[in-house]
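Enquirer: One file is attached below, my_file.cif, containing mmCIF, C-alpha atoms.
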```cif
data_coords
loop_
_atom_site.label_atom_id
_atom_site.label_comp_id
_atom_site.auth_asym_id
_atom_site.auth_seq_id
_atom_site.Cartn_x
_atom_site.Cartn_y
_atom_site.Cartn_z
CA MET A 13 158.42 12.85 174.11
CA SER A 14 161.00 14.05 171.59
CA ASN A 15 163.28 16.99 172.20
CA PHE A 16 161.46 18.96 169.47
CA ALA A 17 158.12 18.31 171.15
CA ASN A 18 159.55 19.49 174.47
CA GLN A 19 160.72 22.69 172.83
CA LEU A 20 157.24 23.28 171.43
CA VAL A 21 155.68 22.82 174.87
CA VAL A 22 158.15 25.23 176.45
CA ALA A 23 157.58 27.79 173.68
CA GLU A 24 153.81 27.53 174.12
CA ARG A 25 154.09 28.05 177.87
CA GLU A 26 156.33 31.09 177.40
CA GLU A 27 153.95 32.61 174.85
CA MET A 28 150.95 32.00 177.11
CA SER A 29 152.63 33.60 180.11
CA ARG A 30 153.77 36.59 178.06
CA CYS A 31 150.26 37.10 176.67
CA ILE A 32 148.63 36.82 180.10
CA ARG A 33 150.97 39.36 181.69
CA THR A 34 150.67 41.74 178.73
CA LEU A 35 146.87 41.65 178.82
CA LEU A 36 146.86 42.22 182.58
CA VAL A 37 148.73 45.50 182.16
CA ARG A 38 147.22 46.42 178.76
CA PRO A 39 143.62 45.13 178.74
CA LEU A 40 143.03 46.83 175.39
CA LEU A 41 145.67 45.60 172.95
CA THR A 42 145.60 46.69 169.32
CA GLU A 43 147.50 45.26 166.38
CA ARG A 44 148.66 48.75 165.49
CA SER A 45 150.21 49.37 168.93
CA ASP A 46 151.98 45.99 169.32
CA PRO A 47 151.76 43.69 166.27
CA VAL A 48 154.10 41.04 167.73
CA VAL A 49 152.20 40.43 170.96
CA PHE A 50 148.85 40.84 169.23
CA ASP A 51 149.80 38.02 166.86
CA LEU A 52 150.66 35.83 169.86
CA VAL A 53 147.31 36.62 171.47
CA ARG A 54 145.53 35.88 168.20
CA ARG A 55 147.19 32.48 167.91
CA ARG A 56 146.62 31.58 171.57
CA ARG A 57 143.18 33.12 171.96
CA ASP A 58 141.33 29.90 172.87
CA PRO A 59 143.58 28.85 175.80
CA LEU A 60 143.88 32.51 176.87
CA THR A 61 140.11 32.95 176.87
CA HIS A 62 139.74 29.80 178.97
CA TRP A 63 142.51 30.84 181.38
CA PHE A 64 141.02 34.25 182.16
CA ASP A 65 137.48 32.88 182.42
CA TYR A 66 138.44 30.01 184.74
CA HIS A 67 140.78 31.88 187.07
CA CYS A 68 139.33 35.40 187.13
CA GLY A 69 135.90 35.25 185.51
CA TRP A 70 137.03 37.87 183.00
CA THR A 71 135.98 37.81 179.34
CA LEU A 72 138.65 38.06 176.66
CA ALA A 73 137.41 39.23 173.26
CA VAL A 74 139.91 38.80 170.40
CA GLU A 75 138.95 40.26 167.02
CA PRO A 76 141.72 39.45 164.51
CA ARG A 77 139.99 41.12 161.55
CA LEU A 78 139.33 44.29 163.52
CA GLY A 79 142.82 44.25 164.99
CA TYR A 80 142.21 44.37 168.73
CA ALA A 81 141.97 42.21 171.85
CA ARG A 82 140.02 43.38 174.89
CA LEU A 83 140.24 41.86 178.36
CA LEU A 84 137.16 42.97 180.29
CA LYS A 85 138.51 43.26 183.81
CA VAL A 86 135.60 43.55 186.22
CA ASN A 87 136.02 44.20 189.94
CA ALA A 88 133.36 44.61 192.58
CA ASP A 89 135.21 47.46 194.31
CA ALA A 90 135.99 50.76 192.62
CA ASP A 91 139.74 51.39 192.52
CA ALA A 92 140.94 54.96 192.13
CA SER A 93 144.64 54.04 192.05
CA ARG A 94 144.68 53.64 188.25
CA PRO A 95 142.89 56.67 186.80
CA ALA A 96 142.85 57.69 183.17
CA ARG A 97 145.89 59.89 182.62
CA ARG A 98 146.76 62.73 180.30
CA THR A 99 149.30 61.78 177.68
CA ARG A 100 151.22 65.02 178.16
CA ALA A 101 154.39 65.30 180.25
CA GLY A 102 153.66 64.67 183.89
CA ARG A 103 150.83 62.23 183.12
CA ALA A 104 148.44 63.96 185.50
CA PRO A 105 145.26 61.98 186.24
CA PHE A 106 141.95 62.95 184.67
CA ASP A 107 139.77 65.24 186.74
CA ARG A 108 135.98 65.22 186.84
CA ARG A 109 135.72 67.59 183.90
CA ARG A 110 137.80 65.38 181.63
CA TYR A 111 135.83 62.28 182.56
CA VAL A 112 132.60 64.07 181.66
CA LEU A 113 134.05 65.16 178.32
CA LEU A 114 135.33 61.64 177.71
CA CYS A 115 131.84 60.19 178.10
CA LEU A 116 130.26 62.86 175.91
CA THR A 117 132.92 62.54 173.23
CA ALA A 118 132.74 58.75 173.11
CA ALA A 119 128.95 58.89 172.78
CA GLU A 120 129.13 61.37 169.90
CA LEU A 121 131.84 59.41 168.07
CA LEU A 122 129.74 56.24 167.92
CA SER A 123 127.56 57.59 165.13
CA VAL A 124 130.29 58.87 162.78
CA PRO A 125 133.01 56.90 160.95
CA VAL A 126 134.93 60.07 160.04
CA THR A 127 134.85 63.53 161.61
CA THR A 128 136.83 66.70 162.17
CA ILE A 129 137.80 68.15 165.50
CA GLY A 130 135.60 71.19 164.91
CA LEU A 131 132.49 69.17 164.08
CA LEU A 132 133.11 66.86 167.02
CA ALA A 133 133.55 69.80 169.40
CA ASP A 134 130.26 71.29 168.15
CA ARG A 135 128.47 68.00 168.78
CA VAL A 136 129.86 67.86 172.32
CA VAL A 137 128.75 71.46 172.89
CA GLN A 138 125.20 70.53 171.82
CA ALA A 139 125.16 67.32 173.89
CA ALA A 140 126.28 69.17 177.03
CA SER A 141 123.70 71.93 176.56
CA ALA A 142 120.92 69.35 176.11
CA ASP A 143 121.54 67.78 179.52
CA GLU A 144 120.68 69.96 182.50
CA ALA A 145 122.92 67.88 184.77
CA LEU A 146 126.04 68.82 182.78
CA PRO A 147 127.96 72.10 182.69
CA ALA A 148 128.25 73.78 179.31
CA PHE A 149 131.25 73.06 177.11
CA ASP A 150 132.75 76.35 175.91
CA THR A 151 135.39 76.04 173.19
CA ALA A 152 136.16 79.76 173.52
CA GLN A 153 138.02 78.99 176.75
CA ARG A 154 141.52 77.61 176.38
CA SER A 155 141.21 75.45 179.53
CA GLU A 156 138.18 73.72 177.98
CA ARG A 157 140.02 73.14 174.70
CA VAL A 158 143.02 71.70 176.56
CA ALA A 159 140.73 69.31 178.45
CA PHE A 160 139.12 68.27 175.16
CA VAL A 161 142.56 67.66 173.63
CA ASP A 162 143.48 65.44 176.60
CA VAL A 163 140.34 63.38 175.98
CA LEU A 164 141.06 62.99 172.27
CA ARG A 165 144.69 62.06 172.89
CA LEU A 166 143.55 59.35 175.31
CA LEU A 167 141.15 57.94 172.71
CA GLU A 168 143.98 58.00 170.17
CA SER A 169 146.20 56.03 172.56
CA TYR A 170 143.44 53.41 172.86
CA GLY A 171 143.15 53.11 169.09
CA ALA A 172 139.54 54.29 169.08
CA LEU A 173 140.51 57.43 167.19
CA GLN A 174 143.10 57.80 164.44
CA THR A 175 144.44 61.11 163.14
CA VAL A 176 144.30 61.27 159.35
CA ASP A 177 145.38 64.87 158.90
CA GLY A 178 146.53 67.59 161.28
CA THR A 179 147.55 67.41 164.96
CA THR A 180 145.20 67.20 167.91
CA GLU A 181 147.33 69.54 170.03
CA SER A 182 146.69 72.42 167.61
CA PHE A 183 143.12 72.70 168.92
CA ALA A 184 144.44 73.79 172.31
CA GLU A 185 145.82 76.96 170.71
CA SER A 186 142.94 77.68 168.35
CA ALA A 187 139.33 76.55 168.08
CA GLU A 188 139.71 76.97 164.31
CA ALA A 189 142.29 74.18 164.04
CA LYS A 190 141.75 71.63 161.27
CA VAL A 191 142.14 67.97 162.24
CA LEU A 192 140.59 64.98 160.48
CA TYR A 193 139.87 61.72 162.34
CA ARG A 194 138.90 58.18 161.49
CA VAL A 195 136.78 56.52 164.19
CA ASP A 196 137.05 52.85 165.14
CA SER A 197 133.61 52.27 166.63
CA SER A 198 134.34 48.60 167.41
CA VAL A 199 137.16 49.59 169.78
CA LEU A 200 135.12 52.48 171.13
CA MET A 201 132.29 50.16 172.14
CA ARG A 202 134.73 47.89 173.98
CA LEU A 203 136.14 50.63 176.22
CA LEU A 204 133.57 50.17 178.97
CA ALA A 205 134.15 47.00 181.00
CA ALA A 206 130.84 46.62 182.81
CA PRO A 207 128.53 43.59 182.92
CA CYS A 208 125.53 45.91 183.12
CA GLY A 209 125.23 48.80 180.66
CA PRO A 210 124.69 52.29 182.17
CA SER A 211 121.53 52.76 180.10
CA ARG A 212 119.89 49.92 182.04
CA LEU A 213 120.40 51.86 185.27
CA ALA A 214 119.05 55.18 184.01
CA VAL A 215 117.61 57.35 186.79
CA PRO A 216 116.48 61.00 186.91
CA ALA A 217 119.37 63.44 187.13
CA ALA A 218 118.17 64.62 190.54
CA GLY A 219 118.55 61.14 191.98
CA ILE A 220 122.14 60.52 190.83
CA PRO A 221 124.05 62.23 193.69
CA ALA A 222 122.19 60.37 196.43
CA GLY A 223 122.29 57.03 194.66
CA PHE A 224 125.68 57.23 192.96
CA GLU A 225 127.30 54.43 194.98
CA ALA A 226 124.37 52.12 194.26
CA LEU A 227 124.56 52.96 190.55
CA LEU A 228 128.29 52.25 190.52
CA ALA A 229 127.71 48.89 192.21
CA GLY A 230 124.97 48.13 189.70
CA LEU A 231 127.37 48.52 186.78
CA VAL A 232 129.55 45.68 188.03
CA GLN A 233 126.73 43.40 189.16
CA GLU A 234 127.49 39.89 187.86
CA ARG A 235 124.51 37.59 187.77
CA ARG A 236 126.63 34.47 187.27
CA TYR A 237 127.19 34.30 191.03
CA GLY A 238 123.53 34.57 192.02
CA LEU A 239 120.47 36.79 191.85
CA PRO A 240 120.55 40.36 193.18
CA GLY A 241 119.68 40.45 196.85
CA THR A 242 119.36 43.07 199.55
CA GLY A 243 121.18 41.76 202.61
CA ASP A 244 124.70 40.73 203.54
CA THR A 245 125.49 37.08 204.01
CA GLU A 246 127.02 35.61 207.11
CA ASP A 247 130.34 34.70 205.46
CA ASP A 248 130.92 38.18 203.97
CA THR A 249 130.20 37.11 200.41
CA PRO A 250 128.35 39.65 198.22
CA ALA A 251 124.67 40.33 198.79
CA ASP A 252 123.74 38.11 195.85
CA THR A 253 121.30 35.41 196.89
CA PRO A 254 120.71 32.58 196.70
CA PHE A 255 124.15 30.96 196.41
CA SER A 256 124.52 27.42 195.26
CA PRO A 257 127.73 25.65 196.36
CA VAL A 258 128.99 25.89 192.77
CA GLN A 259 128.29 29.62 192.58
CA ARG A 260 129.93 30.22 195.95
CA ASN A 261 133.14 28.38 195.01
CA LEU A 262 133.20 30.16 191.66
CA TRP A 263 132.88 33.55 193.36
CA LEU A 264 135.59 32.72 195.91
CA ARG A 265 138.05 31.66 193.22
CA HIS A 266 137.38 34.68 191.02
CA SER A 267 137.30 37.28 193.80
CA VAL A 268 140.62 36.17 195.28
CA LEU A 269 142.52 35.71 192.01
CA ARG A 270 141.19 38.96 190.55
CA ARG A 271 142.61 40.90 193.48
CA LEU A 272 145.89 39.01 193.46
CA PHE A 273 146.50 39.50 189.72
CA ASP A 274 145.38 43.14 189.75
CA GLN A 275 146.99 44.49 192.93
CA PRO A 276 150.63 44.90 193.99
CA VAL A 277 150.14 42.88 197.17
CA LEU A 278 147.28 41.11 198.92
CA HIS A 279 147.33 41.11 202.73
CA ARG A 280 145.53 38.40 204.64
CA ASP A 281 143.70 40.96 206.80
CA GLU A 282 142.05 42.30 203.62
CA LEU A 283 140.38 38.96 202.96
CA THR A 284 137.09 37.80 204.36
CA GLU A 285 137.00 34.61 206.38
CA ALA A 286 135.55 32.77 203.38
CA GLU A 287 138.22 34.06 200.98
CA LEU A 288 141.05 33.24 203.38
CA GLY A 289 139.59 29.81 203.93
CA TYR A 290 139.56 29.21 200.18
CA LEU A 291 143.17 30.34 199.73
CA THR A 292 144.43 28.16 202.56
CA SER A 293 142.51 25.08 201.44
CA PRO A 294 144.44 22.43 199.47
CA THR A 295 142.35 23.07 196.35
CA GLY A 296 142.60 26.85 196.55
CA ARG A 297 146.34 26.79 197.17
CA GLN A 298 146.88 24.41 194.26
CA ILE A 299 144.85 26.59 191.88
CA LEU A 300 146.69 29.72 193.04
CA ARG A 301 150.14 28.21 192.55
CA ARG A 302 149.23 26.76 189.16
CA ALA A 303 147.76 30.05 187.95
CA ALA A 304 150.85 32.00 189.05
CA GLU A 305 153.15 29.52 187.31
CA GLN A 306 151.15 29.53 184.08
CA ALA A 307 151.19 33.34 184.03
CA GLY A 308 154.95 33.46 184.57
CA PHE A 309 154.84 34.98 188.06
CA VAL A 310 156.86 34.02 191.11
CA LEU A 311 154.45 33.57 194.01
CA GLU A 312 155.58 34.74 197.45
CA GLU A 313 153.50 33.42 200.34
CA ARG A 314 154.05 35.05 203.71
CA ALA A 315 152.32 34.91 207.06
CA GLU A 316 150.94 38.39 206.31
CA GLY A 317 149.85 37.90 202.73
CA PHE A 318 150.59 37.07 199.11
CA LEU A 319 152.66 38.73 196.41
CA LEU A 320 153.15 38.00 192.72
CA VAL A 321 156.53 39.00 191.31
CA ASP A 322 157.00 39.38 187.56
CA PRO A 323 160.71 38.71 186.92
CA ASP A 324 160.45 40.25 183.44
CA ALA A 325 158.38 43.29 184.54
CA ILE A 326 155.94 42.68 181.67
CA ALA A 327 152.88 43.14 183.88
CA THR A 328 154.32 46.15 185.70
CA ASP A 329 152.32 49.33 185.03
CA SER A 330 154.07 51.38 187.72
CA ARG A 331 157.45 50.90 189.40
CA PHE A 332 158.50 51.32 192.99
CA PRO A 333 161.14 52.31 193.92
CA ASP A 334 161.64 54.76 191.05
CA ASP A 335 164.32 57.44 191.26
CA ALA A 336 162.84 59.33 188.31
CA ASN A 337 159.79 60.44 190.33
CA HIS A 338 160.01 62.87 193.26
CA ALA A 339 156.99 61.45 195.09
CA LYS A 340 158.29 57.88 194.80
CA VAL A 341 161.74 58.87 196.04
CA ALA A 342 160.19 60.63 199.03
CA ALA A 343 157.90 57.65 199.61
CA LEU A 344 160.90 55.33 199.85
CA LEU A 345 162.68 57.64 202.29
CA LEU A 346 159.56 58.08 204.42
CA LEU A 347 159.13 54.32 204.67
CA ASP A 348 162.06 54.17 207.09
CA VAL A 349 160.22 56.56 209.39
CA LEU A 350 156.94 54.68 209.05
CA ASN A 351 158.50 51.25 209.59
CA ALA A 352 160.07 52.54 212.80
CA THR A 353 156.63 53.64 214.00
CA PRO A 354 154.23 50.66 213.85
CA ALA A 355 151.41 52.79 215.28
CA GLY A 356 151.74 55.15 212.33
CA CYS A 357 152.51 58.83 211.83
CA ALA A 358 150.31 61.88 211.61
CA PRO A 359 150.41 63.81 208.31
CA GLU A 360 152.09 66.69 210.15
CA GLN A 361 154.94 64.40 211.24
CA LEU A 362 155.48 63.22 207.69
CA ALA A 363 155.45 66.82 206.46
CA VAL A 364 158.27 67.58 208.91
CA GLU A 365 160.20 64.58 207.60
CA ALA A 366 159.62 65.75 204.03
CA GLU A 367 161.00 69.15 205.00
CA ARG A 368 164.12 67.42 206.29
CA ILE A 369 164.47 65.55 203.00
CA LEU A 370 164.29 68.83 201.07
CA ASP A 371 166.88 70.39 203.41
CA ARG A 372 169.13 67.33 203.08
CA PHE A 373 169.12 67.51 199.28
CA PRO A 374 168.97 71.24 198.44
CA ARG A 375 169.23 70.75 194.66
CA TRP A 376 166.46 68.16 194.48
CA GLY A 377 162.65 68.44 194.36
CA LYS A 378 162.48 72.01 193.08
CA ALA A 379 158.75 71.69 192.31
CA TYR A 380 158.11 71.31 196.06
CA ARG A 381 160.22 74.24 197.22
CA THR A 382 157.27 76.54 197.72
CA GLU A 383 155.12 77.48 200.68
CA GLY A 384 153.44 74.26 201.81
CA GLY A 385 155.65 72.27 199.45
CA ALA A 386 156.87 69.86 202.13
CA ALA A 387 153.30 68.95 203.09
CA ALA A 388 152.45 68.47 199.41
CA LEU A 389 155.50 66.22 198.94
CA ALA A 390 154.51 64.15 201.98
CA GLY A 391 150.93 63.89 200.73
CA ASP A 392 152.03 62.75 197.27
CA ALA A 393 154.44 60.24 198.81
CA VAL A 394 151.73 58.78 201.05
CA GLN A 395 149.44 58.43 198.06
CA VAL A 396 152.16 56.47 196.26
CA LEU A 397 152.54 54.17 199.26
CA ALA A 398 148.77 53.72 199.53
CA ASP A 399 148.49 52.89 195.81
CA PHE A 400 151.17 50.22 196.25
CA ARG A 401 149.30 48.98 199.34
CA LEU A 402 152.27 49.60 201.61
CA VAL A 403 150.39 51.86 204.03
CA ARG A 404 146.81 52.52 205.06
CA ARG A 405 145.12 55.59 206.49
CA GLU A 406 143.61 54.84 209.86
CA GLY A 407 142.15 57.33 212.33
CA GLY A 408 143.90 60.28 210.78
CA ARG A 409 147.28 58.50 210.81
CA VAL A 410 149.34 56.77 208.14
CA VAL A 411 150.04 53.21 209.28
CA PRO A 412 152.59 50.90 207.59
CA ARG A 413 151.37 47.57 206.29
CA PRO A 414 153.41 44.35 206.56
CA ALA A 415 154.67 44.57 202.96
CA ALA A 416 156.38 47.89 203.80
CA ALA A 417 159.03 45.94 205.72
CA ARG A 418 160.43 44.76 202.36
CA TYR A 419 162.01 48.19 201.85
CA ARG A 420 164.89 49.78 203.72
CA VAL A 421 167.16 52.64 202.70
CA THR A 422 170.80 52.09 203.62
CA SER A 423 172.11 55.20 201.87
CA ALA A 424 170.66 57.88 199.63
CA THR A 425 172.36 59.90 196.93
CA LEU A 426 170.06 61.95 194.73
CA LYS A 427 171.00 63.45 191.39
CA GLU A 428 171.21 67.21 191.20
CA GLU A 429 168.63 68.99 189.11
CA HIS A 430 169.91 71.55 186.67
CA PRO A 431 167.82 74.46 185.43
CA ALA A 432 166.37 74.04 181.96
#
```
Could you rewrite the structure in this file as structure tokens?
Expert:
Amino acid sequence: MSNFANQLVVAEREEMSRCIRTLLVRPLLTERSDPVVFDLVRRRRDPLTHWFDYHCGWTLAVEPRLGYARLLKVNADADASRPARRTRAGRAPFDRRRYVLLCLTAAELLSVPVTTIGLLADRVVQAASADEALPAFDTAQRSERVAFVDVLRLLESYGALQTVDGTTESFAESAEAKVLYRVDSSVLMRLLAAPCGPSRLAVPAAGIPAGFEALLAGLVQERRYGLPGTGDTEDDTPADTPFSPVQRNLWLRHSVLRRLFDQPVLHRDELTEAELGYLTSPTGRQILRRAAEQAGFVLEERAEGFLLVDPDAIATDSRFPDDANHAKVAALLLLDVLNATPAGCAPEQLAVEAERILDRFPRWGKAYRTEGGAAALAGDAVQVLADFRLVRREGGRVVPRPAAARYRVTSATLKEEHPA
């Protein structure tokens, strides 16, 4: 093979790995948001589609004319560690109210190519009042308008909504604000990544609270692995029966690689006997190593589990450690305490340690210097550690997981915070 041909092969591999890692962290990629990477995805869409389907069972839809690529990441277990977030400073996660408004707003936008913020708000008001299961949407209240603005800003960030005139934030101050939008219904319809549409699971409003978990499971039911069943199987595979050997191997490959490519770390004790058997088999190990290499990850295999490291941080949606975030700084400092206590710590113990951190650095963490602030700091830090799968909550205690041993603080110097 000539030197030029070798260069082409290397370039193709680098482009593939960059596209895979970008789509993992940004499953909805628009040409407007990143024209360079979108062009790479457009040119490599066939091998990318095959890669995601073979290794993870995920569908990749690339629409060059419409200017978007959507990776439909489906997982059997609901994961609350990556909520929708407000685009304002602080990036607070969406609450229940904002999720409700998001669903209502998306439904109303599907029927209009162009709208104004006032007309859209009126349509959401009418939709909420027509459903007895939903609380009313009152644009006279500023808190409601702010929540609505958060929803619209999120849709703008996805590319489903484009501001033509005016600013969305102006609606938070006045319900009379004038903002004109153009709606991209093709992107809007791709937002939901669910094999089964919610309309196919429609039940009376009174039955939703009791059957919510079953409805949630129904949304992600994938018939490719078998027909819906009612009982658990002996090897801890899903309650989809019957399984053919082909379906079973397909499910094992997809379930393991989905978790590995979508989670910070995968511990062996989180895997079923069947999944662990697949990963430790010669075929499973070969597929895992090849997939990691093709995606540009460095695979770490330990006695306790598996970890994919992205040397370029392309697939990184959240960083740890991170000295720009109070909760993450406290989480790193609390890890020393947790690692020294294999049996775990009670929340009260961690709150005491958080109080010591605040005393040790008097000009740091001003947002937590209130009554109960130390407990809040400890709680936020534990949530960070749980999201990164470094600890687990067990019997009312916070217990370190094996991956937590990767971190150790030798010295700590925090920057002083100056008043604004």
Enquirer: Please expand the PyMOL selection byres ((chain A and resi 46) around 12) into the concrete residues it hits in this file, giving the result as an NGL selection string.
Expert: :A and (31 or 34-35 or 38 or 40-45 or 47-53 or 79-81 or 170-171)
Enquirer: To one decimal in Å, tell me the separation between CA of Tyr111 (chain A) and CA of Leu204 (chain A).
Expert: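 Between CA of Tyr111 (chain A) and CA of Leu204 (chain A) the gap is 12.8 Å.
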Enquirer: Decode the PyMOL selection byres ((chain A and resi 409) around 7) for the given file into explicit residues and return them as a VMD selection string.
Expert: chain A and resid 356 to 359 405 to 408 410 to 411
Enquirer: Using only C-alpha atoms - which residues lie no farther than 8 Å from the point (148.2, 40.3, 202.5) in the file's frame? Write them as a list in words.
Expert: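 Checked against the point, the hits come out as Val277, Leu278, His279, Arg280, Asp281, Glu282, Leu283, Arg314, Glu316, Gly317, Phe318, Leu319, Pro414 and Ala415 of chain A.
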Enquirer: Can you pull out every residue within 12 Å of Ala187 (chain A), counting only C-alpha atoms, but drop anything in the same chain fewer than 5 positions away, and send it as a ChimeraX atom specification?
Expert: /A:128-134,150-158,160-161,180-182
Enquirer: Skipping near chain neighbours, those fewer than 2 positions away, what residues fall within 10 Å of region 384-400 of chain A using only C-alpha atoms, listed as a PDB file with C-alpha atoms, in the coordinates of the input?
Expert:
```
ATOM      1  CA  ASP A  91     139.740  51.390 192.520  1.00  0.00           C
ATOM      2  CA  ALA A  92     140.940  54.960 192.130  1.00  0.00           C
ATOM      3  CA  SER A  93     144.640  54.040 192.050  1.00  0.00           C
ATOM      4  CA  ARG A  94     144.680  53.640 188.250  1.00  0.00           C
ATOM      5  CA  GLN A 275     146.990  44.490 192.930  1.00  0.00           C
ATOM      6  CA  PRO A 276     150.630  44.900 193.990  1.00  0.00           C
ATOM      7  CA  VAL A 277     150.140  42.880 197.170  1.00  0.00           C
ATOM      8  CA  SER A 330     154.070  51.380 187.720  1.00  0.00           C
ATOM      9  CA  ARG A 331     157.450  50.900 189.400  1.00  0.00           C
ATOM     10  CA  PHE A 332     158.500  51.320 192.990  1.00  0.00           C
ATOM     11  CA  HIS A 338     160.010  62.870 193.260  1.00  0.00           C
ATOM     12  CA  ALA A 339     156.990  61.450 195.090  1.00  0.00           C
ATOM     13  CA  LYS A 340     158.290  57.880 194.800  1.00  0.00           C
ATOM     14  CA  VAL A 341     161.740  58.870 196.040  1.00  0.00           C
ATOM     15  CA  ALA A 342     160.190  60.630 199.030  1.00  0.00           C
ATOM     16  CA  ALA A 343     157.900  57.650 199.610  1.00  0.00           C
ATOM     17  CA  LEU A 344     160.900  55.330 199.850  1.00  0.00           C
ATOM     18  CA  LEU A 345     162.680  57.640 202.290  1.00  0.00           C
ATOM     19  CA  LEU A 346     159.560  58.080 204.420  1.00  0.00           C
ATOM     20  CA  LEU A 347     159.130  54.320 204.670  1.00  0.00           C
ATOM     21  CA  PRO A 359     150.410  63.810 208.310  1.00  0.00           C
ATOM     22  CA  GLU A 360     152.090  66.690 210.150  1.00  0.00           C
ATOM     23  CA  GLN A 361     154.940  64.400 211.240  1.00  0.00           C
ATOM     24  CA  LEU A 362     155.480  63.220 207.690  1.00  0.00           C
ATOM     25  CA  ALA A 363     155.450  66.820 206.460  1.00  0.00           C
ATOM     26  CA  VAL A 364     158.270  67.580 208.910  1.00  0.00           C
ATOM     27  CA  GLU A 365     160.200  64.580 207.600  1.00  0.00           C
ATOM     28  CA  ALA A 366     159.620  65.750 204.030  1.00  0.00           C
ATOM     29  CA  GLU A 367     161.000  69.150 205.000  1.00  0.00           C
ATOM     30  CA  ARG A 368     164.120  67.420 206.290  1.00  0.00           C
ATOM     31  CA  ILE A 369     164.470  65.550 203.000  1.00  0.00           C
ATOM     32  CA  LEU A 370     164.290  68.830 201.070  1.00  0.00           C
ATOM     33  CA  GLY A 377     162.650  68.440 194.360  1.00  0.00           C
ATOM     34  CA  LYS A 378     162.480  72.010 193.080  1.00  0.00           C
ATOM     35  CA  ALA A 379     158.750  71.690 192.310  1.00  0.00           C
ATOM     36  CA  TYR A 380     158.110  71.310 196.060  1.00  0.00           C
ATOM     37  CA  ARG A 381     160.220  74.240 197.220  1.00  0.00           C
ATOM     38  CA  THR A 382     157.270  76.540 197.720  1.00  0.00           C
ATOM     39  CA  LEU A 402     152.270  49.600 201.610  1.00  0.00           C
ATOM     40  CA  VAL A 403     150.390  51.860 204.030  1.00  0.00           C
ATOM     41  CA  ARG A 404     146.810  52.520 205.060  1.00  0.00           C
ATOM     42  CA  ARG A 405     145.120  55.590 206.490  1.00  0.00           C
ATOM     43  CA  VAL A 410     149.340  56.770 208.140  1.00  0.00           C
ATOM     44  CA  VAL A 411     150.040  53.210 209.280  1.00  0.00           C
ATOM     45  CA  PRO A 412     152.590  50.900 207.590  1.00  0.00           C
ATOM     46  CA  ARG A 413     151.370  47.570 206.290  1.00  0.00           C
ATOM     47  CA  ALA A 415     154.670  44.570 202.960  1.00  0.00           C
ATOM     48  CA  ALA A 416     156.380  47.890 203.800  1.00  0.00           C
TER      49      ALA A 416
END
```
Enquirer: For this file, the PyMOL selection byres ((chain A and resi 294-309) around 7) selects which residues, as a list in words?
Expert: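 On the file shown, the PyMOL selection byres ((chain A and resi 294-309) around 7) covers Ser29, Ile32, Arg33, Tyr290, Leu291, Thr292, Ser293, Val310, Leu311, Leu320, Val321 and Asp322 of chain A.
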Enquirer: Kindly give the distance, in Å, that separates CA of Asp65 (chain A) and CA of Ser198 (chain A), rounded to a single decimal.
Expert: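 Pair CA of Asp65 (chain A) / CA of Ser198 (chain A) returns 22.0 Å.
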Enquirer: With 8 Å of padding per side, what axis-aligned box (centre and edge lengths, Å, one decimal) covers all the listed atoms of region 403-420 of chain A? Give it as JSON.
Expert:
```
{"center_x": 153.5, "center_y": 52.3, "center_z": 207.1, "size_x": 38.7, "size_y": 31.9, "size_z": 26.5}
```
Enquirer: I'd like the interatomic distance between CA of Trp70 (chain A) and CA of Leu83 (chain A), to a tenth of an Å.
Expert: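 For CA of Trp70 (chain A) relative to CA of Leu83 (chain A), the distance reads 6.9 Å.
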Enquirer: A:Leu350, A:Ala159, A:Leu116, A:Ala205: which is nearest Phe183 (chain A), counting only C-alpha atoms?
Expert: A:Ala159
Enquirer: With distances taken over only C-alpha atoms, which residue among A:Glu188, A:Asp196, A:Asp89, A:Glu24 lies nearest Ala172 (chain A)?
Expert: A:Asp196
Enquirer: Would you please work out which residue, of A:Met28, A:Ala73, A:Leu78, A:Leu164, is nearest to Cys115 (chain A) when using all atoms listed in the file?
Expert: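 That would be A:Leu164, the residue with the smallest distance to Cys115 (chain A).
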Enquirer: Within 12 Å of Ser256 (chain A), counting all atoms listed in the file, which residues show up once you throw out same-chain ones fewer than 5 positions away? Write them as a PyMOL selection string, please.
Expert: chain A and resi 236-239+261-263
Enquirer: Any chance you could export the current selection's C-alpha atoms as a PDB file, in the coordinates of the input?
Expert:
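Saved the output as part-v3.pdb:
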```
ATOM      1  CA  ARG A 236     126.630  34.470 187.270  1.00  0.00           C
ATOM      2  CA  TYR A 237     127.190  34.300 191.030  1.00  0.00           C
ATOM      3  CA  GLY A 238     123.530  34.570 192.020  1.00  0.00           C
ATOM      4  CA  LEU A 239     120.470  36.790 191.850  1.00  0.00           C
ATOM      5  CA  ASN A 261     133.140  28.380 195.010  1.00  0.00           C
ATOM      6  CA  LEU A 262     133.200  30.160 191.660  1.00  0.00           C
ATOM      7  CA  TRP A 263     132.880  33.550 193.360  1.00  0.00           C
TER       8      TRP A 263
END
```
Enquirer: Residues proximal to (124.4, 50.2, 183.1) were defined as those with any atom within 10 Å of that point in the file's coordinates, counting all atoms listed in the file. Which are they, as a list in words?
Expert: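 Neighbouring residues, ordered by chain and number, come to Ala206, Pro207, Cys208, Gly209, Pro210, Ser211, Arg212, Leu213, Ala214, Leu227, Leu228, Ala229, Gly230, Leu231, Val232 and Gln233 of chain A.
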